[in-house]
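Heads up: the structure comes next, in structure tokens.
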Amino acid sequence: MSHPFFKNHGPLSISEITKYLNIKNDKLKSDQNITDIKDLFTANNSDITFFHSKKYKEIAKSTKASFCITTESLKNDLPKHCNSLIVENVLVSVSKLTSKFYPESINDNFDETAISISETKFKDKVKFGKNVLVGNNVSLGSNCVVGHNSIIEKNVNIGNNCSIGSNTIIRNTIIKDNVRILDGCVIGKKGFGFFPNQKKNVRYPHIGIVIINENSEIGCGSTIDRGSLSNTVIGKNVFLDNQIHIAHNNKIGNNCIIAGQVGMAGSSSLGDNVMIGGQAGISGHLKIGSNVHIGGGSGVIKNIEDNSKVMGYPAKNLRDFIKENR
């Protein structure tokens with residue numbers, strides 16, 4: 001995966017990386033240059049990846065990466081061409097190394113480049129309300145509307161015929177044509193990723209972006225976090241109700257409808273044509289199939305197969321739920 005809005009400060013040699021992470025490995029014969037850090041699925045032979053959970057065992061077996069940060073207990077699941085770099089805490093090491101490749105991704109403060117839209121090239125192209133600000137590296141298509149007090153911060157591409165509501169903040173995001181972002185949304189900020197520490201919790205960098213595809217609508221007060229190492233993606237013709245939270249790295253398929261106050265924890269995926277009732281919760285690192293219906297107030301804590309209807313906590317087959325609650 002490319003990172004269009006964050007500068008890669010690589011390549012880094014393996015000797016630099018092992019020294020930086022305090023890794024001792026006398027078996028390494030090559031001092032190969034590493035161009036990037038990527039997940040198991042997208043990494044190629046010039047990248048370093050990471051493997052921290054048995055959930056990703058099958059993907060790990062087919063990774064193309066030449067080097068992988070992992071643990072002693074997981075290293076044997078890697079292919080022979082992939083050299084294991086053993087650490088005590090994989091995610092902490094990945095955070096440190098990602099910060100080395102992408103130091104600018106750590107700071108998520110307000111955008112100091114933002115100026116009034118009336119002072120930009122968009123002043124005669126876009127219909128806008130009062131007190132609208134625009135940052136560097138922003139593009140806006142034709143026939144777009146931006147409401148009062150909204151800020152389109154740096155690193156945003158917005159397509160044609162899009163509507164951005166009032167009091168909305170967008171950064172590090174690609175929005176395709178015919179998308180409507182309603183009032184009070186925050187899109188593209190870093191996700192809730194950190195390592196607990198009694199003295200000071202440590203945040204890890206987010207170098208992914210948010211992608212919202214064509215003909216979608218994001219309801220009032222919703223928040224969509226950008227990805228950490230991969231992107232957060234909203235499919236085509238997806239409608240999100242008000243006050244919905246989509247955490248980092250989530251992938252939502254096409255034609256999904258999600259009712260108000262639903263929360264999706266990070267790194268989960270929805271197939272196409274999924275419908276979710278209000279106030280349901282989706283745990284992290286799950287795969288929800290296509291044509292799935294999830295009842296309101298449900299708690300989903302495991303994968304759901306295609307064409308399923310579930311409800312309750314933990315979410316179970318709808319027929320079983322009805323039988324148990326007559």
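By order in the structure tokens, chains are A, B, ...; within a chain, residues start at 1; ligands start at 1, following the order shown.
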query = Could you pull the residues within 8 Å of region 257-264 of chain A, counting only C-alpha atoms, minus those fewer than 4 positions along the same chain, as a PyMOL selection string?
reply = chain A and resi 238-247+250+268+273-284
Selection above as a file: C-alpha atoms, as a PDB file, in the first residue's frame:
ATOM      1  CA  VAL A 238     -22.744   3.281   1.782  1.00  0.00           C
ATOM      2  CA  PHE A 239     -25.068   5.190   4.097  1.00  0.00           C
ATOM      3  CA  LEU A 240     -23.981   5.856   7.676  1.00  0.00           C
ATOM      4  CA  ASP A 241     -26.530   7.298  10.091  1.00  0.00           C
ATOM      5  CA  ASN A 242     -25.689   9.875  12.762  1.00  0.00           C
ATOM      6  CA  GLN A 243     -23.078   9.377  15.500  1.00  0.00           C
ATOM      7  CA  ILE A 244     -21.316   6.366  14.044  1.00  0.00           C
ATOM      8  CA  HIS A 245     -17.680   5.574  14.787  1.00  0.00           C
ATOM      9  CA  ILE A 246     -15.496   3.728  12.272  1.00  0.00           C
ATOM     10  CA  ALA A 247     -12.089   2.926  13.779  1.00  0.00           C
ATOM     11  CA  ASN A 250     -11.823  -0.949   8.861  1.00  0.00           C
ATOM     12  CA  SER A 268     -12.588  -5.408  10.868  1.00  0.00           C
ATOM     13  CA  ASN A 273     -25.008  -5.275   1.288  1.00  0.00           C
ATOM     14  CA  VAL A 274     -24.602  -5.436   5.077  1.00  0.00           C
ATOM     15  CA  MET A 275     -27.297  -3.857   7.271  1.00  0.00           C
ATOM     16  CA  ILE A 276     -26.615  -3.020  10.923  1.00  0.00           C
ATOM     17  CA  GLY A 277     -29.225  -1.823  13.407  1.00  0.00           C
ATOM     18  CA  GLY A 278     -28.702   1.057  15.816  1.00  0.00           C
ATOM     19  CA  GLN A 279     -26.320   0.866  18.778  1.00  0.00           C
ATOM     20  CA  ALA A 280     -24.721  -2.401  17.661  1.00  0.00           C
ATOM     21  CA  GLY A 281     -21.023  -2.954  18.310  1.00  0.00           C
ATOM     22  CA  ILE A 282     -18.491  -4.767  16.130  1.00  0.00           C
ATOM     23  CA  SER A 283     -15.315  -5.997  17.821  1.00  0.00           C
ATOM     24  CA  GLY A 284     -11.912  -5.628  16.204  1.00  0.00           C
TER      25      GLY A 284
END
message = For Ile86 (chain A), find every residue with an atom within 8 Å (counting only C-alpha atoms), except residues of its own chain fewer than 2 positions away, and show them as a list in words.
response =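 Residues meeting the cut-off are Ile23, Ile69, Thr70, Thr71, Glu72, Lys75, Ser84 and Glu88 of chain A.
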Would you export the selected residues with C-alpha atoms as a PDB file, in the first residue's frame, please?
ATOM      1  CA  ILE A  23      17.740  -6.855  17.893  1.00  0.00           C
ATOM      2  CA  ILE A  69       9.335  -8.585  13.081  1.00  0.00           C
ATOM      3  CA  THR A  70       7.809 -11.364  15.152  1.00  0.00           C
ATOM      4  CA  THR A  71       8.163 -13.539  18.257  1.00  0.00           C
ATOM      5  CA  GLU A  72       9.966 -16.787  18.957  1.00  0.00           C
ATOM      6  CA  LYS A  75       8.605 -17.444  13.588  1.00  0.00           C
ATOM      7  CA  SER A  84      12.534 -13.423  11.320  1.00  0.00           C
ATOM      8  CA  GLU A  88       9.577  -9.178  22.974  1.00  0.00           C
TER       9      GLU A  88
END
message = Using only C-alpha atoms for the distances, tell me which of A:Val145, A:Ile169, A:Leu229, A:Ala114 is nearest to Lys38 (chain A).
response =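 Smallest separation from Lys38 (chain A) among the options: A:Leu229.
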ask   = How would you write, as an NGL selection string, the set of residues in region 82-251 of chain A that DSSP gives as strand (DSSP E or B)?
value = :A and (83-86 or 115-116 or 127-128 or 133-134 or 138-140 or 145-146 or 151-152 or 156-158 or 163-164 or 169-170 or 173-175 or 180-181 or 186-187 or 194-195 or 202-203 or 210-212 or 217-218 or 223-224 or 232-234 or 239-240 or 245-246 or 251)
query = Running DSSP on the backbone, which parts of region 90-124 of chain A land in alpha helix (DSSP H), as a PyMOL selection string?
reply = chain A and resi 90-101
Among listed residues A:Ser95, A:Asn317, A:Asn215, A:Ser166, nearest Val146 (chain A) (using only C-alpha atoms) =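 Answer, going by the shortest atom-to-atom distance: A:Ser166.
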ask   = Which polymer residues have any atom within 6 Å of an atom of Ser298 (chain A), counting only C-alpha atoms, with same-chain residues fewer than 3 positions away left out, as number ranges by chain?
value = A: 280, 295, 311-313, 315
ask   = What's the 8 Å shell around Ser13 (chain A), counting only C-alpha atoms, without same-chain residues fewer than 3 positions away, as a list in words?
value =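 Residues near the query, excluding close chain neighbours: Glu16, Ile17, Asp31, Gln32, Asn33 and Ile34 of chain A.
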Go ahead and save the residues from that selection, with C-alpha atoms, as a PDB file, in the first residue's frame.
ATOM      1  CA  GLU A  16      20.274   0.135  10.890  1.00  0.00           C
ATOM      2  CA  ILE A  17      16.912  -1.412  11.726  1.00  0.00           C
ATOM      3  CA  ASP A  31      22.546  -5.955   4.823  1.00  0.00           C
ATOM      4  CA  GLN A  32      19.685  -5.404   2.427  1.00  0.00           C
ATOM      5  CA  ASN A  33      18.104  -1.985   2.092  1.00  0.00           C
ATOM      6  CA  ILE A  34      14.464  -1.938   3.190  1.00  0.00           C
TER       7      ILE A  34
END
query = What is the distance between CA of Arg226 (chain A) and CA of Phe6 (chain A), in Å to one decimal?
reply =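 Computing it gives 12.4 Å between the two atoms.
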request  = Might you pull out every residue within 8 Å of region 156-160 of chain A, with only C-alpha atoms counted and same-chain residues fewer than 2 positions away left off, and present them as an MDAnalysis selection string?
outcome  = chainID A and resid 137:144 152:154 162 170:178
inquiry  = For Cys82 (chain A), find every residue with an atom within 7 Å (counting only C-alpha atoms), except residues of its own chain fewer than 6 positions away, and show them as a PyMOL selection string.
reply    = chain A and resi 65-68
Requested write-out: C-alpha atoms of the selected residues, as a PDB file, in the first residue's frame:
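Result saved to again-v5.pdb:
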ATOM      1  CA  ALA A  65       8.449  -9.735   2.664  1.00  0.00           C
ATOM      2  CA  SER A  66      12.133 -10.482   3.124  1.00  0.00           C
ATOM      3  CA  PHE A  67      12.112  -9.642   6.833  1.00  0.00           C
ATOM      4  CA  CYS A  68       9.474  -9.911   9.533  1.00  0.00           C
TER       5      CYS A  68
END
request  = Name the residues in contact with Lys57 (chain A) at a cut-off of 12 Å, using only C-alpha atoms, excluding same-chain residues fewer than 2 positions from it; report them as a PyMOL selection string.
outcome  = chain A and resi 40-41+50-55+59-63+70+73-79
Go ahead and save the residues from that selection, with C-alpha atoms, as a PDB file, in the first residue's frame.
ATOM      1  CA  LEU A  40       1.853  -9.169   5.745  1.00  0.00           C
ATOM      2  CA  PHE A  41      -0.499  -9.048   2.776  1.00  0.00           C
ATOM      3  CA  PHE A  50       5.314  -7.879  11.183  1.00  0.00           C
ATOM      4  CA  PHE A  51       3.507 -10.933  12.555  1.00  0.00           C
ATOM      5  CA  HIS A  52       2.101 -10.644  16.064  1.00  0.00           C
ATOM      6  CA  SER A  53      -0.930 -12.944  16.300  1.00  0.00           C
ATOM      7  CA  LYS A  54      -1.912 -16.468  15.266  1.00  0.00           C
ATOM      8  CA  LYS A  55      -5.009 -14.920  13.670  1.00  0.00           C
ATOM      9  CA  ILE A  59      -1.433 -14.762   5.602  1.00  0.00           C
ATOM     10  CA  ALA A  60       2.016 -14.975   7.200  1.00  0.00           C
ATOM     11  CA  LYS A  61       2.754 -18.212   5.337  1.00  0.00           C
ATOM     12  CA  SER A  62       2.418 -16.449   1.986  1.00  0.00           C
ATOM     13  CA  THR A  63       3.977 -13.068   2.729  1.00  0.00           C
ATOM     14  CA  THR A  70       7.809 -11.364  15.152  1.00  0.00           C
ATOM     15  CA  SER A  73       6.651 -18.671  19.117  1.00  0.00           C
ATOM     16  CA  LEU A  74       5.448 -17.442  15.705  1.00  0.00           C
ATOM     17  CA  LYS A  75       8.605 -17.444  13.588  1.00  0.00           C
ATOM     18  CA  ASN A  76       8.142 -20.986  12.242  1.00  0.00           C
ATOM     19  CA  ASP A  77       4.955 -19.972  10.427  1.00  0.00           C
ATOM     20  CA  LEU A  78       6.887 -17.659   8.110  1.00  0.00           C
ATOM     21  CA  PRO A  79       8.050 -18.806   4.656  1.00  0.00           C
TER      22      PRO A  79
END
message = For a quick check of understanding, using only C-alpha atoms, which of A:Gly299, A:Gly253, A:Gly10, A:Gly289 has the smallest distance to Ile212 (chain A)?
response =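 When distances to Ile212 (chain A) are compared using only C-alpha atoms, the smallest one comes from A:Gly253.
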